[in-house]
Amino acid sequence: MDRIEEIRDKIGQCDDNIIEQLVARMRCIQDIIEYKKEKGIPILQPEQEKKQEDNLKRKLGDNPFEEEMLDIFKYIVKNSRRIQAKALFNYNIFLIGFMGAGKSTVARELKKQLEMNYVEMDQLIVEQRGMAITDIFEEYGETYFRNLESNVLIELQKRKQTIVSCGGGIVVREDNKDHMKKNGRVVFLTATPNTVYERVKNSTERPILNNNMNVEFISQLLEKRRALYEEAADITVATDGKSVSEICDEIVSELIAYDLRLNKKES
Ligand code: S3P
């Protein structure tokens, strides 16, 4: 055989070995999830990922391909998270709650932790209409905006494994609750009126608050909507005084507990 063909042959064998080893590794990930679920151990353990990374760096200490290997392992870990998320959350996750409850911030962090897709509903509306939310309210009024919102929600039913950060008023239309529940779980993020005020006071992008930027108005509107949020919610997580990663951990474990209860009821 030609020398080059010999080398290519060897590369092919290496690929076979890599595939075999990666499949074995991915199966281990699935086994770990099952074990953690069974024992009620937190699924996401960033400190374990860090330990693994340190071990890897030590092992690759004077490897001539250290940089390339670390890069490859970054993708391996990323895809492990994807496998975890697939096993845990085979549905969309809708984050609902009042303006300033932290929906977008939490959605971005959850996306990173779980390697799921992420969609910002307001952003989709802005892209589709080519207009800012404040302009849509001003030119066409709130009812028109709510129609756009419902249409986007219906379109989102085609998506899989997507974290959706909803607009704060998504619950004002009864049908929206059903659209979300069709292929998703609904997570209600709460925050006190004071916390909301602190988080949104400098924003001018929320037409509903633009001439009402005060704790009293926030408090009244929140009370008016509270029952609607609660009715739509599968789980509720308070955000006051918590870090984003604490909130995400709580969402993950609450969703797992919710699914376990659901499975038990069904079986
Ligand atoms: C609204 C909340 C906003 C946006 C629109 C209306 C509301 O979204 O959809 O300004 O009625 O609560 P955020 O909650 O993301 O600010």
# chains A, B, ... in the order shown; residues from 1 in each chain; ligands from 1
>>> residues_near_ligand(ligand="ligand 1", cutoff="10 Å", atoms="only C-alpha atoms and all ligand atoms", output="number ranges by chain")
A: 95-104, 120-123, 125, 132-134, 136-137, 142, 145-146, 149, 165-172, 200, 203-210, 218, 221-222, 225
>>> select_by_dssp(residues="stretch 114-231 of chain A", states="strand (DSSP E or B)", output="PyMOL selection string")
chain A and resi 117-120+162-165+184-190
>>> write_last_selection(atoms="N, CA and C atoms", output="CSV table (one decimal), in the first residue's frame")
chain,number,residue,atom,x,y,z
A,117,ASN,N,-31.7,25.7,23.4
A,117,ASN,CA,-31.9,26.9,22.6
A,117,ASN,C,-32.6,28.0,23.4
A,118,TYR,N,-32.5,29.2,22.9
A,118,TYR,CA,-33.1,30.3,23.7
A,118,TYR,C,-33.7,31.4,22.8
A,119,VAL,N,-34.9,31.8,23.2
A,119,VAL,CA,-35.6,32.8,22.4
A,119,VAL,C,-36.2,33.9,23.3
A,120,GLU,N,-36.0,35.1,22.9
A,120,GLU,CA,-36.6,36.3,23.6
A,120,GLU,C,-37.8,36.7,22.8
A,162,THR,N,-36.5,24.5,23.9
A,162,THR,CA,-36.1,25.9,23.8
A,162,THR,C,-36.6,26.6,25.1
A,163,ILE,N,-35.7,27.5,25.6
A,163,ILE,CA,-36.0,28.3,26.7
A,163,ILE,C,-36.6,29.6,26.1
A,164,VAL,N,-37.8,29.9,26.5
A,164,VAL,CA,-38.5,31.1,26.0
A,164,VAL,C,-38.7,32.1,27.1
A,165,SER,N,-38.1,33.3,26.9
A,165,SER,CA,-38.3,34.4,27.9
A,165,SER,C,-39.5,35.2,27.4
A,184,GLY,N,-44.7,22.6,26.7
A,184,GLY,CA,-43.7,23.2,27.6
A,184,GLY,C,-44.1,23.2,29.1
A,185,ARG,N,-43.2,23.6,29.9
A,185,ARG,CA,-43.4,23.8,31.3
A,185,ARG,C,-43.3,25.3,31.5
A,186,VAL,N,-44.1,25.8,32.5
A,186,VAL,CA,-44.2,27.2,32.7
A,186,VAL,C,-43.6,27.6,34.0
A,187,VAL,N,-42.5,28.4,34.0
A,187,VAL,CA,-41.8,28.8,35.2
A,187,VAL,C,-42.1,30.2,35.6
A,188,PHE,N,-42.7,30.4,36.7
A,188,PHE,CA,-43.1,31.8,37.2
A,188,PHE,C,-42.0,32.4,38.0
A,189,LEU,N,-41.3,33.4,37.6
A,189,LEU,CA,-40.3,34.1,38.4
A,189,LEU,C,-40.9,35.2,39.1
A,190,THR,N,-40.8,35.3,40.4
A,190,THR,CA,-41.4,36.4,41.2
A,190,THR,C,-40.3,37.4,41.7
>>> residues_around(residues="stretch 48-57 of chain A", least_positions_apart="2", cutoff="10 Å", atoms="only C-alpha atoms", output="JSON, numbers by chain")
{"A": [44, 45, 46, 59, 60, 61, 62, 63, 66, 67, 69, 70, 73, 74, 77]}
>>> atom_distance(atom1="atom CA of A:Arg261", atom2="atom CA of A:Ile32")
20.7 Å
>>> atom_distance(atom1="atom CA of A:Ile76", atom2="atom CA of A:Pro64")
19.7 Å
>>> atom_distance(atom1="atom CA of A:Ile83", atom2="atom CA of A:Ser243")
25.5 Å
>>> closest_residue(among="A:Gly241, A:Glu250, A:Leu148, A:Leu114", to="A:Asn90", atoms="only C-alpha atoms")
A:Leu114
>>> closest_residue(among="A:Leu88, A:Val196, A:Ile41, A:Leu110", to="A:Ser245", atoms="only C-alpha atoms")
A:Leu110
>>> select_by_dssp(residues="stretch 88-197 of chain A", states="alpha helix (DSSP H)", output="ChimeraX atom specification")
/A:88,103-114,121-129,133-140,142-156,174-182,193-197
>>> residues_around(residues="stretch 253-256 of chain A", least_positions_apart="4", cutoff="8 Å", atoms="only C-alpha atoms", output="list in words")
Lys37, Pro42, Ile43, Leu88, Ile235, Asp249 and Leu260 of chain A
>>> residues_around(residues="A:Ile154", least_positions_apart="5", cutoff="12 Å", atoms="only C-alpha atoms", output="tab-separated table (two decimals) with C-alpha atoms, in the first residue's frame")
chain	number	residue	atom	x	y	z
A	121	MET	CA	-40.24	36.77	22.64
A	147	ASN	CA	-52.11	39.77	19.00
A	148	LEU	CA	-48.50	39.71	17.81
A	149	GLU	CA	-47.49	38.15	21.10
A	159	ARG	CA	-39.64	24.57	18.56
A	175	ASP	CA	-55.31	31.23	25.45
A	176	ASN	CA	-51.61	31.96	25.85
A	177	LYS	CA	-51.54	29.73	28.92
A	178	ASP	CA	-52.75	26.80	26.81
A	179	HIS	CA	-50.25	27.55	24.04
A	180	MET	CA	-47.40	27.44	26.54
A	181	LYS	CA	-48.56	24.27	28.24
A	182	LYS	CA	-49.01	22.37	25.00
A	183	ASN	CA	-45.35	21.54	24.67
